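Asker: Structure in structure tokens, see below.
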Amino acid sequence: MTLASLTPLAIMLPFLGAAVAFLLIRHRRAQQTVSISVLTATLILEILLLAEVWNGGTLAVQLGGWTPPWGLVLVVDQFSALMLVVSTAVGLAVLLYATGQGAADGDVEGPVSIFHPTYLILMAGVSNAFLSGDLFNLYVGFEILLTASYVLMTLGGTGPRIRAGVTYVVVSVVSSILFLIAIGMVYGATGTINLADLALKLGQLDQGTQTVLHLMLLIAFGIKAAVFPLSFWLPDSYPTAPAPVTAVFAGLLTKVGVYAMVRTETLLFPGDTLNSFLMIVALLTMVVGILGAIAQTDIKRLLSFTLVSHIGYMVFGLAMSSVLGLAAAVYYVVHHIIVQTSLFLVAGLIERRGGSTAIDRLGGLAKLAPLLGIVFFIPAMNLAGIPPFSGFLGKLGLLQAGSAMGTPLAWVLVGASVAVSLMTLLAIARVWNRVFWRSPQEAENPDPVLLEGLDESCRAGKSQPGSRTKTGQRPAKLMFGSAIGLVALGLSLTVFAGPLMRFADLAAEDMLERRPYIGAVLGESGLTVLDELDEVAAANDQGQSDQQSQADQQGQQDAAAGTGQ
């Protein structure tokens with residue numbers, strides 16, 4: 001048995017864990033043990049897969065013994081393996097945080113019997129989306145994670161959560177319908193939905209049909225990735241959910257949409273057909289998102305708008321269709337998953353310590369909870385792109401790729417990237433100054449829980465990060481520990497930036513070349529067809545170039561004859 005044959009376990013382990021966790025409905029600690037153990041085992045498997053593709057290239061597993069392009073196929077290349085490892089590592093950290101919060105609150109946020117199985121199903125859907133080798137299985141992965149997210153978002157059954165959940169469900173259903181329609185159109189035009197097979201057949205369609213299919217898929221994935229103007233739903237949906245749910249949504253769900261966009265642009269529709277359109281979308285996403293963030297008075301909503309804004313950086317890297325730009329986008333996706341999740345977890349800690357996430361109700365947390373201040377400050381500066389953090393390194397790679405591209409639109413994006421980074425720093429600095437630096441008495445509408453914590457701290461003569469919260473309980477050490485672990489993981493992206501960027505370069509080269517992916521799925525027959533198509537395309541390009549040269553020469557001759565007369 002080879003390691004590649006174990007690839008389906010990245011999906012099946014969370015599913016089996018969800019079933020076992022549901023059977024342990026009356027045994028809270030057993031459920032927690034099963035959930036944490038399953039995600040830990042899944043993470044170990046995915047790390048082994050990452051090492052395998054790093055050394056040996058793309059892996060493909062045919063399910064059910066069907067010959068490609070028939071049947072289901074799971075594909076692990078550098079990009080999908082990296083996304084699997086990062087998503088499961090972040091998911092495990094959030095699960096530990098949720099376990100600590102449940103123990104501290106007595107599971108008042110929702111029955112643990114519902115949370116743990118649903119959370120594992122969510123992680124199975126994410127893994128399925130990253131491994132899918134055909135469009136319909138990708139659709140199934142989206143539906144699995146979205147169905148689980150509906151349940152997680154409405155845990156507790158409060159009015160705001162139900163209202164936000166309704167908006168989220170409606171938008172998700174619309175995007176899923178568009179995706180399903182696009183799948184039907186693709187199958188009708190090509191007779192296949194296998195991604196590797198589509199990479200060969202879509203290029204044989206006329207340009208108008210290609211453009212329609214291309215736009216349909218981009219719109220469906222753009223809603224899921226929350227790019228402008230399809231991001232209107234996110235700031236109102238995410239902040240109402242419990243802190244662990246908001247964190248995993250912000251870190252992972254939009255990145256599944258970005259992953260699907262990357263596959264669409266690099267494998268199915270290579271070239272620069274819609275690059276200018278994507279650059280404009282990236283520009284608007286960055287600018288509108290950060291302007292929304294600056295206007296917010298609640299930490300969770302501010303972070304939700306910065307989430308939208310920084311999706312624009314990833315789309316910018318994708319739109320350049322260059323190894324340098326795509327590699328920077330891959331690195332930035334990894335950075336953003338970890339840092340954005342960290343900040344939402346810290347926002348949950350702020351809410352527990354200060355009683356609220358409203359900026360006008362908070363103050364003095366740097367004194368009352370210095371550890372909390374440090375845990376917020378590091379990922380906040382990372383998000384803002386302050387050197388030498390990974391946020392700076394990722395943005396620097398994007399700026400280098402944009403300047404190397406050299407087009408007017410690319411230079412506009414370079415300037416916008418710098419401006420948005422500065423505005424992100426402004427928004428983050430505003431949170432730090434108001435929530436951590438000023439005294440609680442200076443808050444416009446101080447929360448009674450915060451003032452009570454201040455009185456207790458003064459009486460004790462010292463600051464206690466573990467002092468009472470609005471529930472009358474101490475924040476669990478496991479909550480702080482998991483948040484600190486994610487912050488440390490974010491710092492490791494700076495420490496190991498060199499190897500990670502080299503890996504991102506390899507991933508970008510393979511995705512833009514397409515041969516490793518197509519060869520792993522279809523074998524030599526697929527590569528032969530690809531070579532033939534490349535020869536035809538090169539001949540067509542040469543013919544167009546010759547025609548243009550002849551037209552230019554004829555124009556020069558006509559101009560000379562006219563001058564002579």
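In the structure tokens, the first chain shown is A, the next is B, and so on; residue numbers restart at 1 for each chain, and ligands run from 1 in the order shown.
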Do you know which residues are at most 6 Å from region 288-298 of chain A counting only C-alpha atoms, after dropping those on the same chain fewer than 2 positions away, and could you put them as a PyMOL selection string?
Answerer: chain A and resi 284-286+300-302+305-306+308-309+357-359+427
Asker: Export N, CA, C and O atoms of the chosen residues as a PDB file, in the first residue's frame?
Answerer:
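The resulting file, again_19.pdb, is reproduced below:
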```
ATOM      1  N   LEU A 284     -10.994  46.805  -6.678  1.00  0.00           N
ATOM      2  CA  LEU A 284     -12.217  47.212  -5.981  1.00  0.00           C
ATOM      3  C   LEU A 284     -12.390  46.455  -4.670  1.00  0.00           C
ATOM      4  O   LEU A 284     -12.846  47.024  -3.665  1.00  0.00           O
ATOM      5  N   THR A 285     -12.028  45.171  -4.654  1.00  0.00           N
ATOM      6  CA  THR A 285     -12.149  44.379  -3.423  1.00  0.00           C
ATOM      7  C   THR A 285     -11.254  44.928  -2.334  1.00  0.00           C
ATOM      8  O   THR A 285     -11.665  45.078  -1.178  1.00  0.00           O
ATOM      9  N   MET A 286     -10.012  45.260  -2.693  1.00  0.00           N
ATOM     10  CA  MET A 286      -9.087  45.813  -1.712  1.00  0.00           C
ATOM     11  C   MET A 286      -9.584  47.150  -1.165  1.00  0.00           C
ATOM     12  O   MET A 286      -9.624  47.364   0.052  1.00  0.00           O
ATOM     13  N   LYS A 300     -15.162  42.680  15.477  1.00  0.00           N
ATOM     14  CA  LYS A 300     -15.470  41.565  14.582  1.00  0.00           C
ATOM     15  C   LYS A 300     -15.866  42.063  13.190  1.00  0.00           C
ATOM     16  O   LYS A 300     -15.456  41.490  12.178  1.00  0.00           O
ATOM     17  N   ARG A 301     -16.661  43.111  13.131  1.00  0.00           N
ATOM     18  CA  ARG A 301     -17.045  43.647  11.827  1.00  0.00           C
ATOM     19  C   ARG A 301     -15.838  44.272  11.122  1.00  0.00           C
ATOM     20  O   ARG A 301     -15.698  44.146   9.900  1.00  0.00           O
ATOM     21  N   LEU A 302     -14.978  44.924  11.874  1.00  0.00           N
ATOM     22  CA  LEU A 302     -13.765  45.487  11.284  1.00  0.00           C
ATOM     23  C   LEU A 302     -12.910  44.375  10.677  1.00  0.00           C
ATOM     24  O   LEU A 302     -12.422  44.494   9.543  1.00  0.00           O
ATOM     25  N   PHE A 305     -14.389  43.076   7.409  1.00  0.00           N
ATOM     26  CA  PHE A 305     -14.109  43.926   6.243  1.00  0.00           C
ATOM     27  C   PHE A 305     -12.649  43.813   5.807  1.00  0.00           C
ATOM     28  O   PHE A 305     -12.356  43.855   4.608  1.00  0.00           O
ATOM     29  N   THR A 306     -11.713  43.682   6.766  1.00  0.00           N
ATOM     30  CA  THR A 306     -10.324  43.469   6.358  1.00  0.00           C
ATOM     31  C   THR A 306     -10.168  42.125   5.660  1.00  0.00           C
ATOM     32  O   THR A 306      -9.330  41.981   4.751  1.00  0.00           O
ATOM     33  N   VAL A 308     -12.374  40.789   3.643  1.00  0.00           N
ATOM     34  CA  VAL A 308     -12.762  41.063   2.256  1.00  0.00           C
ATOM     35  C   VAL A 308     -11.641  41.793   1.534  1.00  0.00           C
ATOM     36  O   VAL A 308     -11.267  41.447   0.400  1.00  0.00           O
ATOM     37  N   SER A 309     -11.077  42.795   2.168  1.00  0.00           N
ATOM     38  CA  SER A 309     -10.044  43.602   1.531  1.00  0.00           C
ATOM     39  C   SER A 309      -8.845  42.761   1.110  1.00  0.00           C
ATOM     40  O   SER A 309      -8.321  42.903  -0.002  1.00  0.00           O
ATOM     41  N   THR A 357     -17.224  43.439  22.066  1.00  0.00           N
ATOM     42  CA  THR A 357     -16.243  43.730  21.009  1.00  0.00           C
ATOM     43  C   THR A 357     -16.489  45.107  20.401  1.00  0.00           C
ATOM     44  O   THR A 357     -15.855  45.463  19.408  1.00  0.00           O
ATOM     45  N   ALA A 358     -17.405  45.867  20.984  1.00  0.00           N
ATOM     46  CA  ALA A 358     -17.648  47.241  20.528  1.00  0.00           C
ATOM     47  C   ALA A 358     -16.506  48.132  20.999  1.00  0.00           C
ATOM     48  O   ALA A 358     -16.198  48.188  22.197  1.00  0.00           O
ATOM     49  N   ILE A 359     -15.873  48.824  20.058  1.00  0.00           N
ATOM     50  CA  ILE A 359     -14.689  49.609  20.392  1.00  0.00           C
ATOM     51  C   ILE A 359     -15.008  50.719  21.385  1.00  0.00           C
ATOM     52  O   ILE A 359     -14.196  51.049  22.257  1.00  0.00           O
ATOM     53  N   ALA A 427      -6.460  51.172  10.621  1.00  0.00           N
ATOM     54  CA  ALA A 427      -7.614  50.547  11.277  1.00  0.00           C
ATOM     55  C   ALA A 427      -7.179  49.742  12.493  1.00  0.00           C
ATOM     56  O   ALA A 427      -7.816  49.792  13.557  1.00  0.00           O
TER      57      ALA A 427
END
```
Asker: Leaving out Gln78 (chain A) and any residue of its chain fewer than 4 positions from it, which residues lie within 8 Å of it when counting only C-alpha atoms, given as an MDAnalysis selection string?
Answerer: chainID A and resid 50 53:54 57:58 82 503:504 506:507
Asker: Please list as a PDB file with N, CA and C atoms, in the first residue's frame every residue within 12 Å of region 175-186 of chain A, counting only C-alpha atoms and excluding residues in the same chain fewer than 3 positions away.
Answerer:
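As written to disk, out29.pdb reads:
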```
ATOM      1  N   ASP A 134     -12.670  16.711 -10.088  1.00  0.00           N
ATOM      2  CA  ASP A 134     -13.710  17.007 -11.075  1.00  0.00           C
ATOM      3  C   ASP A 134     -14.660  18.050 -10.506  1.00  0.00           C
ATOM      4  N   LEU A 135     -15.380  18.716 -11.375  1.00  0.00           N
ATOM      5  CA  LEU A 135     -16.217  19.836 -10.961  1.00  0.00           C
ATOM      6  C   LEU A 135     -17.354  19.404 -10.047  1.00  0.00           C
ATOM      7  N   PHE A 136     -17.981  18.260 -10.340  1.00  0.00           N
ATOM      8  CA  PHE A 136     -19.128  17.884  -9.520  1.00  0.00           C
ATOM      9  C   PHE A 136     -18.690  17.497  -8.109  1.00  0.00           C
ATOM     10  N   ASN A 137     -17.570  16.824  -7.968  1.00  0.00           N
ATOM     11  CA  ASN A 137     -17.093  16.506  -6.628  1.00  0.00           C
ATOM     12  C   ASN A 137     -16.685  17.768  -5.882  1.00  0.00           C
ATOM     13  N   LEU A 138     -16.167  18.756  -6.612  1.00  0.00           N
ATOM     14  CA  LEU A 138     -15.898  20.057  -5.995  1.00  0.00           C
ATOM     15  C   LEU A 138     -17.192  20.672  -5.491  1.00  0.00           C
ATOM     16  N   TYR A 139     -18.251  20.568  -6.295  1.00  0.00           N
ATOM     17  CA  TYR A 139     -19.570  21.053  -5.873  1.00  0.00           C
ATOM     18  C   TYR A 139     -20.039  20.322  -4.615  1.00  0.00           C
ATOM     19  N   VAL A 140     -19.839  19.010  -4.576  1.00  0.00           N
ATOM     20  CA  VAL A 140     -20.228  18.229  -3.390  1.00  0.00           C
ATOM     21  C   VAL A 140     -19.450  18.697  -2.169  1.00  0.00           C
ATOM     22  N   GLY A 141     -18.136  18.955  -2.341  1.00  0.00           N
ATOM     23  CA  GLY A 141     -17.347  19.459  -1.222  1.00  0.00           C
ATOM     24  C   GLY A 141     -17.867  20.778  -0.701  1.00  0.00           C
ATOM     25  N   PHE A 142     -18.221  21.686  -1.616  1.00  0.00           N
ATOM     26  CA  PHE A 142     -18.813  22.960  -1.201  1.00  0.00           C
ATOM     27  C   PHE A 142     -20.107  22.735  -0.418  1.00  0.00           C
ATOM     28  N   GLU A 143     -20.959  21.853  -0.910  1.00  0.00           N
ATOM     29  CA  GLU A 143     -22.249  21.638  -0.251  1.00  0.00           C
ATOM     30  C   GLU A 143     -22.083  21.013   1.120  1.00  0.00           C
ATOM     31  N   ILE A 144     -21.113  20.117   1.265  1.00  0.00           N
ATOM     32  CA  ILE A 144     -20.865  19.514   2.580  1.00  0.00           C
ATOM     33  C   ILE A 144     -20.459  20.580   3.583  1.00  0.00           C
ATOM     34  N   LEU A 145     -19.479  21.401   3.224  1.00  0.00           N
ATOM     35  CA  LEU A 145     -19.006  22.408   4.177  1.00  0.00           C
ATOM     36  C   LEU A 145     -20.045  23.494   4.410  1.00  0.00           C
ATOM     37  N   LEU A 146     -20.835  23.828   3.378  1.00  0.00           N
ATOM     38  CA  LEU A 146     -21.853  24.855   3.564  1.00  0.00           C
ATOM     39  C   LEU A 146     -23.002  24.349   4.431  1.00  0.00           C
ATOM     40  N   THR A 147     -23.403  23.099   4.244  1.00  0.00           N
ATOM     41  CA  THR A 147     -24.469  22.542   5.083  1.00  0.00           C
ATOM     42  C   THR A 147     -24.049  22.528   6.543  1.00  0.00           C
ATOM     43  N   TYR A 168     -26.911  34.240   5.008  1.00  0.00           N
ATOM     44  CA  TYR A 168     -25.825  33.358   4.581  1.00  0.00           C
ATOM     45  C   TYR A 168     -26.362  32.188   3.754  1.00  0.00           C
ATOM     46  N   VAL A 169     -27.465  31.604   4.186  1.00  0.00           N
ATOM     47  CA  VAL A 169     -28.047  30.471   3.465  1.00  0.00           C
ATOM     48  C   VAL A 169     -28.501  30.904   2.079  1.00  0.00           C
ATOM     49  N   VAL A 170     -29.192  32.040   1.995  1.00  0.00           N
ATOM     50  CA  VAL A 170     -29.715  32.499   0.707  1.00  0.00           C
ATOM     51  C   VAL A 170     -28.577  32.745  -0.275  1.00  0.00           C
ATOM     52  N   VAL A 171     -27.550  33.454   0.172  1.00  0.00           N
ATOM     53  CA  VAL A 171     -26.420  33.751  -0.719  1.00  0.00           C
ATOM     54  C   VAL A 171     -25.713  32.457  -1.125  1.00  0.00           C
ATOM     55  N   SER A 172     -25.530  31.557  -0.177  1.00  0.00           N
ATOM     56  CA  SER A 172     -24.842  30.301  -0.484  1.00  0.00           C
ATOM     57  C   SER A 172     -25.642  29.455  -1.466  1.00  0.00           C
ATOM     58  N   ALA A 189     -21.151  21.268 -23.134  1.00  0.00           N
ATOM     59  CA  ALA A 189     -20.243  21.745 -24.173  1.00  0.00           C
ATOM     60  C   ALA A 189     -19.081  20.799 -24.431  1.00  0.00           C
ATOM     61  N   THR A 190     -18.666  20.033 -23.402  1.00  0.00           N
ATOM     62  CA  THR A 190     -17.460  19.213 -23.542  1.00  0.00           C
ATOM     63  C   THR A 190     -17.688  17.723 -23.352  1.00  0.00           C
ATOM     64  N   GLY A 191     -18.781  17.350 -22.661  1.00  0.00           N
ATOM     65  CA  GLY A 191     -19.032  15.934 -22.395  1.00  0.00           C
ATOM     66  C   GLY A 191     -18.237  15.378 -21.243  1.00  0.00           C
ATOM     67  N   THR A 192     -17.632  16.230 -20.423  1.00  0.00           N
ATOM     68  CA  THR A 192     -16.847  15.768 -19.281  1.00  0.00           C
ATOM     69  C   THR A 192     -16.865  16.827 -18.196  1.00  0.00           C
ATOM     70  N   ILE A 193     -16.595  16.397 -16.952  1.00  0.00           N
ATOM     71  CA  ILE A 193     -16.428  17.346 -15.849  1.00  0.00           C
ATOM     72  C   ILE A 193     -15.125  17.081 -15.095  1.00  0.00           C
ATOM     73  N   ASN A 194     -14.327  16.130 -15.586  1.00  0.00           N
ATOM     74  CA  ASN A 194     -13.016  15.873 -15.017  1.00  0.00           C
ATOM     75  C   ASN A 194     -12.107  17.063 -15.309  1.00  0.00           C
ATOM     76  N   LEU A 195     -11.460  17.595 -14.289  1.00  0.00           N
ATOM     77  CA  LEU A 195     -10.688  18.831 -14.457  1.00  0.00           C
ATOM     78  C   LEU A 195      -9.544  18.658 -15.445  1.00  0.00           C
ATOM     79  N   ASP A 197      -9.333  16.475 -17.889  1.00  0.00           N
ATOM     80  CA  ASP A 197      -9.910  16.314 -19.221  1.00  0.00           C
ATOM     81  C   ASP A 197     -10.446  17.639 -19.748  1.00  0.00           C
ATOM     82  N   LEU A 198     -11.042  18.427 -18.853  1.00  0.00           N
ATOM     83  CA  LEU A 198     -11.532  19.741 -19.256  1.00  0.00           C
ATOM     84  C   LEU A 198     -10.389  20.652 -19.690  1.00  0.00           C
ATOM     85  N   ALA A 199      -9.234  20.506 -19.049  1.00  0.00           N
ATOM     86  CA  ALA A 199      -8.089  21.329 -19.437  1.00  0.00           C
ATOM     87  C   ALA A 199      -7.717  21.111 -20.892  1.00  0.00           C
ATOM     88  N   LYS A 201     -10.106  19.898 -23.280  1.00  0.00           N
ATOM     89  CA  LYS A 201     -11.256  20.071 -24.170  1.00  0.00           C
ATOM     90  C   LYS A 201     -11.800  21.495 -24.207  1.00  0.00           C
ATOM     91  N   LEU A 202     -11.658  22.245 -23.111  1.00  0.00           N
ATOM     92  CA  LEU A 202     -12.205  23.598 -23.118  1.00  0.00           C
ATOM     93  C   LEU A 202     -11.502  24.484 -24.142  1.00  0.00           C
ATOM     94  N   LEU A 205     -13.028  24.757 -27.691  1.00  0.00           N
ATOM     95  CA  LEU A 205     -14.295  25.434 -27.930  1.00  0.00           C
ATOM     96  C   LEU A 205     -14.043  26.815 -28.536  1.00  0.00           C
ATOM     97  N   THR A 209     -17.968  30.732 -26.339  1.00  0.00           N
ATOM     98  CA  THR A 209     -18.426  29.715 -25.384  1.00  0.00           C
ATOM     99  C   THR A 209     -17.473  29.631 -24.203  1.00  0.00           C
ATOM    100  N   GLN A 210     -16.177  29.680 -24.472  1.00  0.00           N
ATOM    101  CA  GLN A 210     -15.201  29.658 -23.378  1.00  0.00           C
ATOM    102  C   GLN A 210     -15.428  30.811 -22.399  1.00  0.00           C
ATOM    103  N   THR A 211     -15.659  31.988 -22.940  1.00  0.00           N
ATOM    104  CA  THR A 211     -15.827  33.157 -22.086  1.00  0.00           C
ATOM    105  C   THR A 211     -17.063  33.036 -21.207  1.00  0.00           C
ATOM    106  N   VAL A 212     -18.177  32.534 -21.763  1.00  0.00           N
ATOM    107  CA  VAL A 212     -19.402  32.363 -20.979  1.00  0.00           C
ATOM    108  C   VAL A 212     -19.177  31.368 -19.844  1.00  0.00           C
ATOM    109  N   LEU A 213     -18.578  30.225 -20.141  1.00  0.00           N
ATOM    110  CA  LEU A 213     -18.317  29.220 -19.110  1.00  0.00           C
ATOM    111  C   LEU A 213     -17.343  29.762 -18.062  1.00  0.00           C
ATOM    112  N   HIS A 214     -16.339  30.476 -18.521  1.00  0.00           N
ATOM    113  CA  HIS A 214     -15.342  31.075 -17.636  1.00  0.00           C
ATOM    114  C   HIS A 214     -16.002  32.037 -16.641  1.00  0.00           C
ATOM    115  N   LEU A 215     -16.844  32.910 -17.147  1.00  0.00           N
ATOM    116  CA  LEU A 215     -17.515  33.890 -16.282  1.00  0.00           C
ATOM    117  C   LEU A 215     -18.484  33.224 -15.313  1.00  0.00           C
ATOM    118  N   MET A 216     -19.200  32.202 -15.769  1.00  0.00           N
ATOM    119  CA  MET A 216     -20.134  31.501 -14.882  1.00  0.00           C
ATOM    120  C   MET A 216     -19.402  30.898 -13.682  1.00  0.00           C
ATOM    121  N   LEU A 217     -18.286  30.243 -13.940  1.00  0.00           N
ATOM    122  CA  LEU A 217     -17.526  29.641 -12.837  1.00  0.00           C
ATOM    123  C   LEU A 217     -16.934  30.716 -11.932  1.00  0.00           C
ATOM    124  N   LEU A 218     -16.425  31.792 -12.519  1.00  0.00           N
ATOM    125  CA  LEU A 218     -15.833  32.851 -11.706  1.00  0.00           C
ATOM    126  C   LEU A 218     -16.863  33.522 -10.811  1.00  0.00           C
ATOM    127  N   ILE A 219     -18.067  33.727 -11.308  1.00  0.00           N
ATOM    128  CA  ILE A 219     -19.111  34.355 -10.496  1.00  0.00           C
ATOM    129  C   ILE A 219     -19.480  33.442  -9.326  1.00  0.00           C
ATOM    130  N   ALA A 220     -19.662  32.144  -9.611  1.00  0.00           N
ATOM    131  CA  ALA A 220     -20.006  31.203  -8.540  1.00  0.00           C
ATOM    132  C   ALA A 220     -18.915  31.163  -7.475  1.00  0.00           C
ATOM    133  N   PHE A 221     -17.659  31.077  -7.906  1.00  0.00           N
ATOM    134  CA  PHE A 221     -16.558  31.024  -6.944  1.00  0.00           C
ATOM    135  C   PHE A 221     -16.307  32.384  -6.303  1.00  0.00           C
ATOM    136  N   GLY A 222     -16.589  33.460  -7.037  1.00  0.00           N
ATOM    137  CA  GLY A 222     -16.397  34.791  -6.484  1.00  0.00           C
ATOM    138  C   GLY A 222     -17.319  35.079  -5.312  1.00  0.00           C
ATOM    139  N   ILE A 223     -18.553  34.553  -5.363  1.00  0.00           N
ATOM    140  CA  ILE A 223     -19.461  34.707  -4.229  1.00  0.00           C
ATOM    141  C   ILE A 223     -18.899  33.986  -3.014  1.00  0.00           C
ATOM    142  N   LYS A 224     -18.398  32.783  -3.214  1.00  0.00           N
ATOM    143  CA  LYS A 224     -17.855  32.013  -2.097  1.00  0.00           C
ATOM    144  C   LYS A 224     -16.569  32.622  -1.566  1.00  0.00           C
ATOM    145  N   ALA A 225     -15.777  33.238  -2.448  1.00  0.00           N
ATOM    146  CA  ALA A 225     -14.534  33.873  -2.013  1.00  0.00           C
ATOM    147  C   ALA A 225     -14.752  35.279  -1.474  1.00  0.00           C
ATOM    148  N   ALA A 226     -15.949  35.839  -1.663  1.00  0.00           N
ATOM    149  CA  ALA A 226     -16.304  37.178  -1.164  1.00  0.00           C
ATOM    150  C   ALA A 226     -15.497  38.276  -1.844  1.00  0.00           C
ATOM    151  N   LEU A 230     -19.487  40.901  -4.829  1.00  0.00           N
ATOM    152  CA  LEU A 230     -20.202  39.716  -4.347  1.00  0.00           C
ATOM    153  C   LEU A 230     -19.914  39.433  -2.879  1.00  0.00           C
ATOM    154  N   SER A 231     -19.364  40.426  -2.170  1.00  0.00           N
ATOM    155  CA  SER A 231     -18.959  40.232  -0.772  1.00  0.00           C
ATOM    156  C   SER A 231     -19.908  40.883   0.219  1.00  0.00           C
ATOM    157  N   TRP A 233     -22.524  40.035   1.657  1.00  0.00           N
ATOM    158  CA  TRP A 233     -23.124  39.180   2.679  1.00  0.00           C
ATOM    159  C   TRP A 233     -22.196  38.920   3.863  1.00  0.00           C
ATOM    160  N   GLY A 257     -13.099  29.171  -1.780  1.00  0.00           N
ATOM    161  CA  GLY A 257     -13.488  29.876  -2.999  1.00  0.00           C
ATOM    162  C   GLY A 257     -12.287  30.385  -3.778  1.00  0.00           C
ATOM    163  N   ALA A 260     -10.685  27.500  -5.581  1.00  0.00           N
ATOM    164  CA  ALA A 260     -11.422  27.141  -6.794  1.00  0.00           C
ATOM    165  C   ALA A 260     -11.130  28.137  -7.921  1.00  0.00           C
ATOM    166  N   LEU A 268      -8.061  25.325 -16.111  1.00  0.00           N
ATOM    167  CA  LEU A 268      -9.129  25.259 -17.107  1.00  0.00           C
ATOM    168  C   LEU A 268      -9.033  26.363 -18.154  1.00  0.00           C
TER     169      LEU A 268
END
```
Asker: With a distance cut-off of 10 Å and only C-alpha atoms, select the neighbouring residues of Ile518 (chain A), excluding the residue or stretch itself and same-chain residues fewer than 4 positions from it, and output the selection as a ChimeraX atom specification.
Answerer: /A:58,60,195-200,267,513-514,522-527,530
Asker: Using Å and a single decimal, report how far CA of Met501 (chain A) sits from CA of Val339 (chain A).
Answerer: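 Answer for the CA of Val339 (chain A) to CA of Met501 (chain A) separation: 17.3 Å.
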Asker: In Å, rounded to a single decimal, give me how far CA of Leu478 (chain A) is from CA of Tyr97 (chain A).
Answerer: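 Rounded to one decimal, the two atoms are 6.1 Å apart.
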Asker: Can you pull out every residue from region 298-387 of chain A that DSSP, working from the backbone, puts in alpha helix (DSSP H), and format the result as a PyMOL selection string?
Answerer: chain A and resi 299-319+323-354+365-368+370-384
Asker: Any idea what the distance is between CA of Tyr259 (chain A) and CA of Met153 (chain A)?
Answerer: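 So the two atoms, CA of Tyr259 (chain A) and CA of Met153 (chain A), lie 22.4 Å apart.
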Asker: For each of A:Ser80, A:Tyr331, A:Gln32, A:Val173, take the minimum atom-to-atom distance to Gly394 (chain A), counting only C-alpha atoms, then give the residue where this is smallest.
Answerer: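 Residue with the minimum atom-to-atom distance to Gly394 (chain A): A:Tyr331.
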Asker: Skipping near chain neighbours, those fewer than 5 positions away, what residues fall within 9 Å of Phe376 (chain A) using only C-alpha atoms, listed as a VMD selection string?
Answerer: chain A and resid 342 to 343 346 to 347 371 381 432 487
Asker: Now that the selection is made, can you save its residues with all heavy atoms as a compact mmCIF listing (two decimals), in the first residue's frame?
Answerer:
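Listed below is the output, out-v7.txt:
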```
# COMPACT_ATOMS: atom_id res chain seq x y z
N SER A 342 -6.35 33.72 13.73
CA SER A 342 -5.79 34.14 15.03
C SER A 342 -6.51 35.37 15.56
O SER A 342 -6.88 35.44 16.74
CB SER A 342 -4.30 34.44 14.89
OG SER A 342 -3.59 33.34 14.39
N LEU A 343 -6.73 36.36 14.70
CA LEU A 343 -7.34 37.61 15.14
C LEU A 343 -8.79 37.40 15.58
O LEU A 343 -9.25 38.03 16.54
CB LEU A 343 -7.26 38.65 14.03
CG LEU A 343 -5.87 39.26 13.83
CD1 LEU A 343 -5.82 40.10 12.56
CD2 LEU A 343 -5.49 40.12 15.04
N VAL A 346 -8.68 35.87 18.98
CA VAL A 346 -8.34 36.90 19.97
C VAL A 346 -9.53 37.83 20.20
O VAL A 346 -9.77 38.27 21.34
CB VAL A 346 -7.11 37.70 19.49
CG1 VAL A 346 -6.83 38.86 20.46
CG2 VAL A 346 -5.90 36.79 19.41
N ALA A 347 -10.31 38.12 19.16
CA ALA A 347 -11.52 38.92 19.35
C ALA A 347 -12.47 38.23 20.32
O ALA A 347 -13.13 38.89 21.13
CB ALA A 347 -12.20 39.17 18.01
N LEU A 371 -1.14 39.86 28.57
CA LEU A 371 -0.94 38.72 27.66
C LEU A 371 -1.88 38.82 26.47
O LEU A 371 -1.49 38.56 25.32
CB LEU A 371 -1.17 37.41 28.41
CG LEU A 371 -1.06 36.13 27.58
CD1 LEU A 371 0.31 36.00 26.96
CD2 LEU A 371 -1.39 34.90 28.43
N MET A 381 -0.20 43.32 13.66
CA MET A 381 0.89 43.89 12.88
C MET A 381 1.22 43.03 11.67
O MET A 381 1.61 43.53 10.61
CB MET A 381 2.13 44.05 13.75
CG MET A 381 1.99 45.08 14.87
SD MET A 381 1.70 46.78 14.25
CE MET A 381 -0.09 46.91 14.49
N TRP A 432 -6.10 49.21 18.60
CA TRP A 432 -5.13 49.12 19.69
C TRP A 432 -5.22 50.33 20.62
O TRP A 432 -5.22 50.17 21.85
CB TRP A 432 -3.72 49.01 19.11
CG TRP A 432 -2.66 49.06 20.15
CD1 TRP A 432 -1.92 50.14 20.51
CD2 TRP A 432 -2.25 47.99 21.01
NE1 TRP A 432 -1.07 49.81 21.53
CE2 TRP A 432 -1.24 48.50 21.86
CE3 TRP A 432 -2.63 46.66 21.13
CZ2 TRP A 432 -0.62 47.71 22.81
CZ3 TRP A 432 -2.00 45.87 22.09
CH2 TRP A 432 -1.01 46.39 22.92
N VAL A 487 -0.77 32.11 16.78
CA VAL A 487 0.11 33.27 16.61
C VAL A 487 1.54 32.80 16.34
O VAL A 487 2.23 33.34 15.46
CB VAL A 487 0.05 34.17 17.85
CG1 VAL A 487 1.11 35.27 17.77
CG2 VAL A 487 -1.34 34.80 17.98
```
Asker: Give me the residues within 9 Å of Met479 (chain A) as number ranges by chain, counting only C-alpha atoms and dropping any in the same chain fewer than 6 places off.
Answerer: A: 94, 96-101, 345, 349
Asker: Pick out the closest residue to Ala19 (chain A) from this set: A:Leu6, A:Ile114, A:Met314, A:Leu533. Count only C-alpha atoms.
Answerer: A:Ile114
Asker: What's around Leu324 (chain A) at 12 Å? Count only C-alpha atoms, leave out sequence neighbours fewer than 2 positions away in its own chain, and write the answer as a ChimeraX atom specification.
Answerer: /A:316-322,326-331,394-405,501-502,504-509,512
